[in-house]
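Pasting final15.tsv here (TSV, C-alpha atoms and all ligand atoms):
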chain	number	residue	atom	x	y	z
K	150	MET	CA	-19.74	-60.27	36.84
K	151	ASN	CA	-19.73	-58.87	33.34
K	152	ASN	CA	-19.08	-61.69	30.97
K	153	TYR	CA	-21.02	-61.40	27.74
K	154	LEU	CA	-19.81	-64.71	26.40
K	155	PHE	CA	-21.15	-66.51	29.48
K	156	ASP	CA	-24.43	-64.55	29.52
K	157	ALA	CA	-25.07	-65.30	25.88
K	158	LYS	CA	-24.85	-69.03	26.50
K	159	TYR	CA	-26.25	-69.50	30.01
K	160	LYS	CA	-29.08	-68.20	32.14
K	161	GLN	CA	-28.18	-68.07	35.81
K	162	GLN	CA	-30.73	-68.56	38.58
K	163	ASN	CA	-30.77	-69.14	42.36
K	164	GLN	CA	-27.80	-69.98	44.57
K	165	LEU	CA	-27.43	-73.71	45.18
K	166	GLY	CA	-24.67	-73.68	47.72
K	167	LYS	CA	-21.49	-72.21	49.00
K	168	GLY	CA	-18.42	-74.11	50.10
K	169	GLY	CA	-14.98	-73.16	51.31
K	170	CYS	CA	-13.79	-72.16	47.83
K	171	GLY	CA	-16.66	-70.82	45.78
K	172	SER	CA	-20.34	-70.05	45.31
K	173	VAL	CA	-22.53	-72.21	43.13
K	174	TYR	CA	-25.70	-71.18	41.27
K	175	GLY	CA	-28.25	-73.15	39.33
K	176	GLY	CA	-29.12	-72.22	35.79
K	177	TYR	CA	-29.51	-73.62	32.33
K	178	ARG	CA	-27.90	-73.57	28.90
K	179	ARG	CA	-29.95	-71.33	26.64
K	180	ALA	CA	-29.49	-73.42	23.48
K	181	ASP	CA	-31.17	-76.56	24.81
K	182	ASN	CA	-32.37	-75.80	28.38
K	183	LEU	CA	-29.82	-78.20	29.82
K	184	PRO	CA	-29.67	-77.70	33.63
K	185	VAL	CA	-26.24	-76.45	34.69
K	186	ALA	CA	-24.51	-75.46	37.92
K	187	VAL	CA	-22.28	-72.39	37.74
K	188	LYS	CA	-19.38	-72.30	40.20
K	189	TYR	CA	-17.54	-69.03	40.85
K	190	ILE	CA	-14.10	-69.40	42.37
K	191	PRO	CA	-12.13	-66.31	43.41
K	192	LYS	CA	-8.71	-66.43	41.73
K	193	GLU	CA	-6.90	-66.58	45.08
K	194	ASN	CA	-8.58	-69.94	45.73
K	195	VAL	CA	-7.60	-71.46	42.40
K	196	VAL	CA	-4.76	-74.01	42.40
K	197	TRP	CA	-2.93	-74.20	39.06
K	198	THR	CA	-1.22	-77.06	37.26
K	199	GLU	CA	2.28	-76.67	35.92
K	200	LYS	CA	2.55	-75.06	32.47
K	201	ASN	CA	2.31	-77.51	29.59
K	202	GLU	CA	4.65	-77.45	26.57
K	203	ASN	CA	2.55	-74.63	25.01
K	204	GLY	CA	2.91	-72.53	28.14
K	205	GLN	CA	-0.74	-73.12	29.04
K	206	GLN	CA	-1.89	-73.52	32.61
K	207	LEU	CA	-5.18	-75.03	33.76
K	208	SER	CA	-6.66	-74.96	37.21
K	209	VAL	CA	-6.25	-78.35	38.88
K	210	GLU	CA	-10.04	-78.62	39.19
K	211	VAL	CA	-10.42	-78.21	35.42
K	212	ALA	CA	-7.47	-80.51	34.61
K	213	VAL	CA	-8.81	-83.27	36.88
K	214	MET	CA	-12.34	-83.03	35.48
K	215	LEU	CA	-11.04	-83.10	31.90
K	216	LYS	CA	-8.99	-86.19	32.69
K	217	LEU	CA	-12.02	-87.89	34.22
K	218	GLN	CA	-14.08	-87.09	31.15
K	219	LYS	CA	-11.37	-88.51	28.88
K	220	GLU	CA	-11.30	-91.76	30.86
K	221	LYS	CA	-15.07	-92.13	30.92
K	222	THR	CA	-16.18	-95.39	29.40
K	223	SER	CA	-19.57	-95.00	27.79
K	224	SER	CA	-20.36	-98.69	28.36
K	225	VAL	CA	-20.66	-98.40	32.15
K	226	GLY	CA	-23.46	-95.89	32.11
K	227	LYS	CA	-23.30	-92.56	33.86
K	228	SER	CA	-20.05	-92.09	35.74
K	229	ALA	CA	-20.11	-90.71	39.27
K	230	PRO	CA	-18.22	-87.43	38.78
K	231	VAL	CA	-20.40	-84.69	37.32
K	232	SER	CA	-19.19	-83.41	33.95
K	233	LEU	CA	-17.43	-80.13	33.36
K	234	LEU	CA	-19.23	-78.47	30.43
K	235	ASP	CA	-17.37	-75.19	30.07
K	236	TRP	CA	-15.09	-72.78	31.94
K	237	TYR	CA	-14.04	-69.14	31.86
K	238	ASP	CA	-10.87	-67.63	33.29
K	239	LEU	CA	-11.61	-64.01	34.19
K	240	ASN	CA	-9.35	-61.48	35.91
K	241	GLU	CA	-10.79	-61.93	39.38
K	242	GLU	CA	-12.39	-65.35	39.25
K	243	GLN	CA	-12.81	-68.61	37.44
K	244	ILE	CA	-16.25	-69.77	36.37
K	245	LEU	CA	-16.98	-73.46	35.93
K	246	VAL	CA	-20.12	-74.60	34.17
K	247	LEU	CA	-21.01	-78.05	35.46
K	248	GLU	CA	-23.59	-80.71	34.85
K	249	ARG	CA	-26.49	-80.29	37.30
K	250	PRO	CA	-28.31	-83.57	37.91
K	251	VAL	CA	-32.04	-83.03	38.48
K	252	PRO	CA	-33.59	-83.78	40.89
K	253	ALA	CA	-30.69	-83.95	43.32
K	254	VAL	CA	-29.52	-82.64	46.70
K	255	ASP	CA	-26.14	-82.81	48.33
K	256	LEU	CA	-25.76	-85.59	50.86
K	257	SER	CA	-25.63	-83.24	53.86
K	258	GLN	CA	-29.01	-81.82	52.79
K	259	PHE	CA	-30.29	-85.35	52.12
K	260	ILE	CA	-29.38	-86.33	55.71
K	261	GLU	CA	-30.93	-83.12	57.06
K	262	ASN	CA	-34.14	-83.74	55.06
K	263	ASN	CA	-34.31	-87.19	56.64
K	264	LYS	CA	-34.53	-85.51	60.07
K	265	GLY	CA	-32.25	-88.04	61.70
K	266	PRO	CA	-29.78	-90.77	60.74
K	267	LEU	CA	-30.51	-92.73	57.55
K	268	GLN	CA	-31.67	-96.31	57.60
K	269	GLU	CA	-28.68	-98.63	57.51
K	270	ASN	CA	-29.72	-100.13	54.18
K	271	GLN	CA	-29.93	-96.75	52.55
K	272	ALA	CA	-26.55	-95.74	54.02
K	273	LYS	CA	-25.05	-98.97	52.70
K	274	THR	CA	-26.42	-98.35	49.19
K	275	ILE	CA	-24.82	-94.91	49.19
K	276	VAL	CA	-21.50	-96.06	50.66
K	277	LYS	CA	-21.25	-98.86	48.12
K	278	GLN	CA	-21.62	-96.36	45.30
K	279	LEU	CA	-19.11	-94.07	47.01
K	280	VAL	CA	-16.58	-96.89	47.30
K	281	ASP	CA	-16.99	-97.67	43.59
K	282	ALA	CA	-16.60	-93.99	42.72
K	283	VAL	CA	-13.41	-93.48	44.76
K	284	ASN	CA	-11.98	-96.71	43.34
K	285	HIS	CA	-12.51	-95.30	39.88
K	286	LEU	CA	-10.66	-92.13	40.95
K	287	GLU	CA	-7.80	-94.23	42.33
K	288	ASP	CA	-7.59	-96.15	39.04
K	289	THR	CA	-7.39	-92.81	37.23
K	290	ASN	CA	-4.62	-91.55	39.61
K	291	ILE	CA	-6.85	-88.91	41.09
K	292	PHE	CA	-7.07	-88.13	44.80
K	293	HIS	CA	-10.18	-86.08	45.61
K	294	ARG	CA	-8.88	-85.15	49.09
K	295	ASP	CA	-12.22	-83.79	50.35
K	296	ILE	CA	-14.77	-86.58	50.21
K	297	LYS	CA	-17.60	-85.53	52.55
K	298	PRO	CA	-21.40	-85.24	52.43
K	299	GLN	CA	-21.30	-81.65	51.09
K	300	ASN	CA	-19.22	-82.85	48.11
K	301	ILE	CA	-21.56	-85.68	47.18
K	302	LEU	CA	-24.81	-85.24	45.28
K	303	ILE	CA	-27.65	-87.69	45.60
K	304	GLU	CA	-29.96	-88.01	42.63
K	305	THR	CA	-33.40	-88.61	44.01
K	306	GLY	CA	-35.35	-89.23	40.79
K	307	SER	CA	-35.67	-92.99	41.28
K	308	GLU	CA	-36.39	-95.18	44.25
K	309	ILE	CA	-32.73	-96.04	44.75
K	310	PRO	CA	-30.63	-92.94	45.46
K	311	HIS	CA	-27.84	-92.45	42.94
K	312	LEU	CA	-24.51	-90.93	43.98
K	313	ARG	CA	-22.53	-88.32	42.05
K	314	LEU	CA	-19.23	-86.69	43.04
K	315	ILE	CA	-18.63	-82.96	42.94
K	316	ASP	CA	-16.00	-80.43	44.01
K	317	PHE	CA	-12.62	-81.44	42.66
K	318	GLY	CA	-11.26	-78.08	43.84
K	319	LEU	CA	-8.77	-79.61	46.28
K	320	SER	CA	-8.01	-82.74	44.29
K	321	CYS	CA	-4.67	-83.68	42.77
K	322	PHE	CA	-3.00	-86.26	40.56
K	323	THR	CA	-1.36	-89.09	42.48
K	324	ASP	CA	1.17	-89.78	39.71
K	325	LYS	CA	2.75	-86.41	40.57
K	326	GLU	CA	4.20	-85.20	43.88
K	327	TYR	CA	1.28	-84.26	46.09
K	328	GLU	CA	2.48	-84.29	49.66
K	329	ASP	CA	3.75	-80.99	50.90
K	330	GLY	CA	2.95	-81.17	54.60
K	331	TRP	CA	-0.28	-79.23	54.17
K	332	PHE	CA	-3.69	-80.80	54.55
K	333	TYR	CA	-5.95	-79.97	51.60
K	334	GLY	CA	-9.40	-80.87	52.72
K	335	THR	CA	-11.65	-80.44	55.73
K	336	GLU	CA	-9.55	-80.17	58.90
K	337	LYS	CA	-12.22	-81.84	61.03
K	338	HIS	CA	-12.00	-84.90	58.77
K	339	ALA	CA	-8.20	-85.13	58.63
K	340	PRO	CA	-6.88	-88.64	59.28
K	341	PRO	CA	-4.87	-89.29	62.49
K	342	GLU	CA	-1.58	-89.61	60.59
K	343	TYR	CA	-1.99	-86.02	59.47
K	344	ILE	CA	-2.96	-84.82	62.95
K	345	SER	CA	0.05	-86.47	64.60
K	346	LYS	CA	2.70	-86.42	61.87
K	347	SER	CA	1.45	-84.11	59.09
K	348	ILE	CA	1.60	-86.92	56.55
K	349	TYR	CA	-1.12	-88.68	54.61
K	350	GLU	CA	-1.48	-90.86	51.56
K	351	ALA	CA	-4.28	-90.98	49.03
K	352	GLY	CA	-5.64	-94.50	49.66
K	353	PRO	CA	-5.79	-94.62	53.48
K	354	ALA	CA	-6.88	-90.95	53.76
K	355	THR	CA	-9.76	-91.64	51.34
K	356	VAL	CA	-10.78	-94.73	53.32
K	357	TRP	CA	-10.88	-92.56	56.48
K	358	GLN	CA	-13.13	-90.09	54.61
K	359	VAL	CA	-15.42	-92.91	53.42
K	360	GLY	CA	-15.75	-93.74	57.13
K	361	VAL	CA	-16.62	-90.10	57.86
K	362	VAL	CA	-19.39	-90.16	55.24
K	363	LEU	CA	-20.80	-93.41	56.59
K	364	TYR	CA	-20.56	-92.08	60.16
K	365	GLU	CA	-22.45	-88.87	59.30
K	366	MET	CA	-25.20	-90.84	57.53
K	367	LEU	CA	-25.73	-92.99	60.62
K	368	HIS	CA	-25.27	-90.60	63.56
K	369	GLU	CA	-26.89	-87.43	64.84
K	370	SER	CA	-23.57	-85.65	65.34
K	371	LEU	CA	-21.11	-84.41	62.76
K	372	PHE	CA	-17.78	-86.17	62.62
K	373	ASP	CA	-14.67	-84.62	64.11
K	374	SER	CA	-11.43	-86.61	63.91
K	375	THR	CA	-9.87	-85.06	67.02
K	376	LYS	CA	-12.96	-85.72	69.13
K	377	PHE	CA	-13.23	-89.24	67.73
K	378	LEU	CA	-9.60	-89.97	68.59
K	379	LYS	CA	-10.21	-88.71	72.13
K	380	ASN	CA	-13.22	-91.04	72.40
K	381	GLU	CA	-15.60	-88.12	72.65
K	382	LEU	CA	-17.51	-89.42	69.60
K	383	LYS	CA	-18.64	-93.02	69.67
K	384	ILE	CA	-19.90	-95.43	67.04
K	385	ARG	CA	-23.54	-96.33	67.74
K	386	THR	CA	-23.74	-99.66	69.53
K	387	ASP	CA	-27.13	-100.54	68.00
K	388	LEU	CA	-25.78	-100.72	64.43
K	389	SER	CA	-25.46	-104.11	62.73
K	390	PRO	CA	-22.14	-105.96	63.31
K	391	ASP	CA	-21.20	-105.49	59.60
K	392	CYS	CA	-21.73	-101.79	59.81
K	393	LYS	CA	-19.80	-101.38	63.06
K	394	ARG	CA	-16.94	-103.45	61.63
K	395	LEU	CA	-16.88	-101.33	58.52
K	396	LEU	CA	-16.75	-98.08	60.47
K	397	LYS	CA	-14.11	-99.39	62.87
K	398	SER	CA	-11.88	-100.59	60.04
K	399	CYS	CA	-12.10	-97.26	58.16
K	400	PHE	CA	-11.18	-95.55	61.44
K	401	MET	CA	-8.13	-97.66	62.27
K	402	ARG	CA	-5.53	-95.28	63.75
K	403	THR	CA	-2.67	-96.79	61.74
K	404	PRO	CA	-3.21	-96.05	58.04
K	405	TRP	CA	-1.89	-99.37	56.74
K	406	ARG	CA	-4.26	-101.28	59.02
K	407	ARG	CA	-7.26	-99.82	57.23
K	408	PRO	CA	-8.65	-101.84	54.33
K	409	THR	CA	-7.55	-100.62	50.90
K	410	LEU	CA	-10.15	-99.05	48.61
K	411	LYS	CA	-10.14	-102.29	46.60
K	412	GLN	CA	-10.72	-104.36	49.75
K	413	LEU	CA	-13.59	-102.06	50.72
K	414	GLN	CA	-15.42	-103.06	47.53
K	415	ILE	CA	-15.78	-106.61	48.81
K	416	PHE	CA	-16.21	-105.74	52.49
K	417	LYS	CA	-19.25	-107.25	54.08
K	418	GLY	CA	-21.51	-104.34	54.84
K	419	VAL	CA	-20.50	-102.72	51.55
K	420	ASP	CA	-21.11	-105.80	49.40
K	421	SER	CA	-23.69	-108.02	51.05
K	422	THR	CA	-22.80	-110.96	48.78
K	423	GLN	CA	-19.34	-111.32	50.34
K	424	PRO	CA	-18.35	-112.95	53.64
K	425	ALA	CA	-16.99	-110.70	56.37
K	426	PRO	CA	-13.19	-110.30	56.33
K	427	SER	CA	-11.46	-112.06	59.20
T	1	LIG	N1	-23.05	-79.67	39.88
T	1	LIG	C1	-23.79	-79.34	40.94
T	1	LIG	N2	-25.14	-79.56	40.94
T	1	LIG	C2	-25.88	-79.22	42.02
T	1	LIG	N3	-25.40	-78.64	43.15
T	1	LIG	C3	-24.08	-78.38	43.20
T	1	LIG	C4	-23.21	-78.71	42.11
T	1	LIG	N4	-21.97	-78.36	42.43
T	1	LIG	C5	-22.06	-77.83	43.67
T	1	LIG	N5	-23.31	-77.83	44.14
T	1	LIG	C6	-23.76	-77.33	45.47
T	1	LIG	O1	-22.94	-76.24	45.85
T	1	LIG	C7	-22.17	-76.56	47.03
T	1	LIG	C8	-20.78	-75.97	46.92
T	1	LIG	O2	-20.14	-76.51	45.77
T	1	LIG	P1	-18.63	-77.03	45.82
T	1	LIG	O3	-18.21	-77.39	44.43
T	1	LIG	O4	-18.53	-78.08	46.86
T	1	LIG	O5	-17.87	-75.69	46.27
T	1	LIG	P2	-16.60	-75.50	47.23
T	1	LIG	O6	-15.40	-75.86	46.40
T	1	LIG	O7	-16.63	-74.06	47.57
T	1	LIG	O8	-16.79	-76.39	48.41
T	1	LIG	C9	-22.22	-78.07	47.14
T	1	LIG	O9	-22.07	-78.51	48.49
T	1	LIG	C10	-23.60	-78.39	46.57
T	1	LIG	O10	-24.59	-78.18	47.55
T	2	MG	MG	-17.35	-78.35	48.52

Translate this file's structure into structure tokens.
Amino acid sequence: MNNYLFDAKYKQQNQLGKGGCGSVYGGYRRADNLPVAVKYIPKENVVWTEKNENGQQLSVEVAVMLKLQKEKTSSVGKSAPVSLLDWYDLNEEQILVLERPVPAVDLSQFIENNKGPLQENQAKTIVKQLVDAVNHLEDTNIFHRDIKPQNILIETGSEIPHLRLIDFGLSCFTDKEYEDGWFYGTEKHAPPEYISKSIYEAGPATVWQVGVVLYEMLHESLFDSTKFLKNELKIRTDLSPDCKRLLKSCFMRTPWRRPTLKQLQIFKGVDSTQPAPS
């Protein structure tokens, strides 16, 4: 990459990760040493919004992150989605400069570092924060579409892990048409309604993905919707009743039988102060 404007402002360091769309490097902002993450996305992987009245087009990832920043209420402390600090549209690629929480690891690494499933209490703390975060997205008319451990960062600076959301590369606005028969997200985590009928809706699909995250925190094996539906993956029988109920309800085959994201906030096992739903 030869981008003098970027190089003048940022110092890039080691690679932090690589997903299905781009490569991400750590670095910092030269002016104030702020830690940043630099995400390179090849242009063929960029999804664009429609042109606005000035003929301008943003990538959906940028448009979604800008909207989230606009909606941020300073009174509720740090919001879950990391901030977009800057971006560059080059001929071959797009570069996003993102907030990099320190110290933090993505949730898949966090699980791997644990060398086995997490303690139920720790998994519950994380899932509660996840449920709050995806509720905030729903309230903002944003559908992430790819909630999974690799797209969640866990800040590990304090005793209680703190969740942040990353990777809005496949997300979309739910107040616009978003269903086109194609599954944007991780195929192995697709909800049954997509597998059987190629349809899915934001709320129930997100609840399924919350279940996937909880499942992967509590089991040795990675989740796979097809295997789960064929009964080749089982929910651990030694989990607490609340936890089993929560997983089973997120994994209801029929989308409208799953709890809504709002109901998940008061689900026993997510919120220990509430009674279990009947
Ligand atoms: N802001 C960030 N801070 C720290 N690590 C990050 C950040 N963004 C991404 N990463 C790391 O890079 C990986 C890939 O980033 P992601 O945005 O998910 O790319 P992709 O769209 O290709 O999946 C993540 O799984 C995570 O490990
Ligand atoms: Mg990703």

**Item:** Long-range neighbours of Met401 in chain K as number ranges by chain, 12 Å cut-off, all atoms listed in the file, 4 positions minimum in chain
**Value:** K: 340-342, 353-354, 356-358, 360, 374, 377-378, 394-397, 405-409

At most 10 Å is the cut-off: for each residue in range 262-342 of chain K with any atom that close to an atom of range 193-207 of chain K, write down the nearest atom pair and the distance in Å rounded to one decimal, counting all atoms listed in the file, chain first then increasing number, as a Markdown table.
| residue | atom | partner | partner_atom | distance |
| --- | --- | --- | --- | --- |
| K:Gly318 | CA | K:Val195 | CA | 7.7 |
| K:Leu319 | CA | K:Val196 | CA | 7.9 |
| K:Ser320 | CA | K:Val196 | CA | 9.5 |
| K:Cys321 | CA | K:Thr198 | CA | 9.3 |
| K:Phe322 | CA | K:Thr198 | CA | 9.9 |

**Message:** I'd like the contact shell of range 169-177 of chain K - 7 Å cut-off, all atoms listed in the file, skipping same-chain residues fewer than 5 positions apart - returned as a VMD selection string.
**Reply:** chain K and resid 159 to 164 182 to 191 194

Which residues of chain K come within 12 Å of ligand MG 2 (chain T), and what is each one's closest atom pair and distance in Å (one decimal), counting all atoms listed in the file, sorted by chain and residue number, as a Markdown table?
| residue | atom | partner | partner_atom | distance |
| --- | --- | --- | --- | --- |
| K:Leu165 | CA | T:MG2 | MG | 11.6 |
| K:Gly166 | CA | T:MG2 | MG | 8.7 |
| K:Lys167 | CA | T:MG2 | MG | 7.4 |
| K:Gly168 | CA | T:MG2 | MG | 4.6 |
| K:Gly169 | CA | T:MG2 | MG | 6.4 |
| K:Cys170 | CA | T:MG2 | MG | 7.2 |
| K:Gly171 | CA | T:MG2 | MG | 8.0 |
| K:Ser172 | CA | T:MG2 | MG | 9.4 |
| K:Val173 | CA | T:MG2 | MG | 9.7 |
| K:Lys188 | CA | T:MG2 | MG | 10.5 |
| K:Ile190 | CA | T:MG2 | MG | 11.3 |
| K:Glu210 | CA | T:MG2 | MG | 11.9 |
| K:Asp255 | CA | T:MG2 | MG | 9.9 |
| K:Leu256 | CA | T:MG2 | MG | 11.3 |
| K:Ser257 | CA | T:MG2 | MG | 11.0 |
| K:His293 | CA | T:MG2 | MG | 10.9 |
| K:Arg294 | CA | T:MG2 | MG | 10.9 |
| K:Asp295 | CA | T:MG2 | MG | 7.7 |
| K:Ile296 | CA | T:MG2 | MG | 8.8 |
| K:Lys297 | CA | T:MG2 | MG | 8.2 |
| K:Pro298 | CA | T:MG2 | MG | 8.9 |
| K:Gln299 | CA | T:MG2 | MG | 5.8 |
| K:Asn300 | CA | T:MG2 | MG | 4.9 |
| K:Ile301 | CA | T:MG2 | MG | 8.6 |
| K:Leu302 | CA | T:MG2 | MG | 10.7 |
| K:Leu314 | CA | T:MG2 | MG | 10.2 |
| K:Ile315 | CA | T:MG2 | MG | 7.4 |
| K:Asp316 | CA | T:MG2 | MG | 5.1 |
| K:Phe317 | CA | T:MG2 | MG | 8.1 |
| K:Gly318 | CA | T:MG2 | MG | 7.7 |
| K:Leu319 | CA | T:MG2 | MG | 9.0 |
| K:Ser320 | CA | T:MG2 | MG | 11.2 |
| K:Tyr333 | CA | T:MG2 | MG | 11.9 |
| K:Gly334 | CA | T:MG2 | MG | 9.3 |
| K:Thr335 | CA | T:MG2 | MG | 9.4 |

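Shortest separation to Lys219 in chain K among K:Leu382, K:Ile275, K:Arg249, K:Thr289 occurs at residue K:Thr289, atoms counted being all atoms listed in the file.
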
**Request:** Excluding Leu413 in chain K and residues on its chain fewer than 4 positions from it, collect all residues at most 10 Å away from it, counting all atoms listed in the file, and give them as a PyMOL selection string.
**Result:** chain K and resi 276-277+280-281+284+356+359+395+398-399+407-409+417-420+426

Please write out, as JSON, where the centre of an axis-aligned box around all listed atoms of ligand LIG 1 (chain T) lies and how long its edges are, in Å to one decimal, after adding 5 Å on each side.
{"center_x": -20.6, "center_y": -76.9, "center_z": 44.2, "size_x": 20.5, "size_y": 15.6, "size_z": 18.6}

**Message:** Calculated over only C-alpha atoms and all ligand atoms, which of the candidates K:Tyr364, K:Tyr343, K:Phe155, K:Phe259 has the smallest distance to ligand LIG 1 (chain T)?
**Reply:** K:Phe259

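Put simply, CA of Pro266 in chain K is 6.0 Å away from CA of Glu369 in chain K.
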
**Item:** Among listed residues K:Gln268, K:Asn380, K:Gln258, K:Ser208, nearest ligand LIG 1 (chain T) (using all atoms listed in the file)
**Value:** K:Gln258

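With CA of Leu154 in chain K on one side and CA of Pro252 in chain K on the other, the separation reads 27.6 Å.
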
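Across K:Glu287, K:Ile303, K:Asn270, K:Lys192, the tightest approach to ligand LIG 1 (chain T) is made by K:Ile303 when counting only C-alpha atoms and all ligand atoms.
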
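Each of K:Pro230, K:Ile344, K:Glu308, K:Glu269 was checked against Lys393 in chain K using only C-alpha atoms; the smallest atom-to-atom distance is that of K:Glu269.
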
In the coordinate frame of the file, compute which residues have an atom within 7 Å of (0.4, -85.1, 56.1) when using all atoms listed in the file, and state them as a compact mmCIF listing (two decimals) with C-alpha atoms, keeping the file's coordinate frame.
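Result went into part-v8.txt, see below:
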# COMPACT_ATOMS: atom_id res chain seq x y z
CA GLU K 328 2.48 -84.29 49.66
CA GLY K 330 2.95 -81.17 54.60
CA TRP K 331 -0.28 -79.23 54.17
CA PHE K 332 -3.69 -80.80 54.55
CA GLU K 342 -1.58 -89.61 60.59
CA TYR K 343 -1.99 -86.02 59.47
CA LYS K 346 2.70 -86.42 61.87
CA SER K 347 1.45 -84.11 59.09
CA ILE K 348 1.60 -86.92 56.55
CA TYR K 349 -1.12 -88.68 54.61

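When all atoms listed in the file are used to measure the gap to ligand LIG 1 (chain T), the shortest distance among K:Gln414, K:Ser232, K:Asn290, K:Ser389 belongs to K:Ser232.
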
Add whatever atoms are absent from range 359-372 of chain K to reach N, CA and C atoms, and provide the output as a JSON list (two decimals), in the frame of the given file.
[["chain", "number", "residue", "atom", "x", "y", "z"],
["K", 359, "VAL", "N", -14.24, -92.06, 53.67],
["K", 359, "VAL", "CA", -15.42, -92.91, 53.42],
["K", 359, "VAL", "C", -16.07, -93.23, 54.77],
["K", 360, "GLY", "N", -15.23, -93.50, 55.77],
["K", 360, "GLY", "CA", -15.75, -93.74, 57.13],
["K", 360, "GLY", "C", -16.50, -92.52, 57.65],
["K", 361, "VAL", "N", -15.96, -91.33, 57.39],
["K", 361, "VAL", "CA", -16.62, -90.10, 57.86],
["K", 361, "VAL", "C", -18.02, -89.98, 57.22],
["K", 362, "VAL", "N", -18.10, -90.27, 55.93],
["K", 362, "VAL", "CA", -19.39, -90.16, 55.24],
["K", 362, "VAL", "C", -20.38, -91.17, 55.83],
["K", 363, "LEU", "N", -19.92, -92.39, 56.03],
["K", 363, "LEU", "CA", -20.80, -93.41, 56.59],
["K", 363, "LEU", "C", -21.22, -93.02, 58.01],
["K", 364, "TYR", "N", -20.27, -92.51, 58.79],
["K", 364, "TYR", "CA", -20.56, -92.08, 60.16],
["K", 364, "TYR", "C", -21.65, -91.00, 60.14],
["K", 365, "GLU", "N", -21.48, -89.99, 59.28],
["K", 365, "GLU", "CA", -22.45, -88.87, 59.30],
["K", 365, "GLU", "C", -23.83, -89.30, 58.79],
["K", 366, "MET", "N", -23.89, -90.35, 57.97],
["K", 366, "MET", "CA", -25.20, -90.84, 57.53],
["K", 366, "MET", "C", -25.92, -91.56, 58.67],
["K", 367, "LEU", "N", -25.14, -92.10, 59.61],
["K", 367, "LEU", "CA", -25.73, -92.99, 60.62],
["K", 367, "LEU", "C", -25.79, -92.41, 62.03],
["K", 368, "HIS", "N", -25.29, -91.19, 62.21],
["K", 368, "HIS", "CA", -25.27, -90.60, 63.56],
["K", 368, "HIS", "C", -25.88, -89.20, 63.55],
["K", 369, "GLU", "N", -26.32, -88.78, 64.70],
["K", 369, "GLU", "CA", -26.89, -87.43, 64.84],
["K", 369, "GLU", "C", -25.79, -86.37, 64.72],
["K", 370, "SER", "N", -24.61, -86.68, 65.27],
["K", 370, "SER", "CA", -23.57, -85.65, 65.34],
["K", 370, "SER", "C", -22.66, -85.67, 64.12],
["K", 371, "LEU", "N", -22.07, -84.51, 63.85],
["K", 371, "LEU", "CA", -21.11, -84.41, 62.76],
["K", 371, "LEU", "C", -19.79, -85.02, 63.22],
["K", 372, "PHE", "N", -19.04, -85.52, 62.26],
["K", 372, "PHE", "CA", -17.78, -86.17, 62.62],
["K", 372, "PHE", "C", -16.70, -85.13, 62.90]]
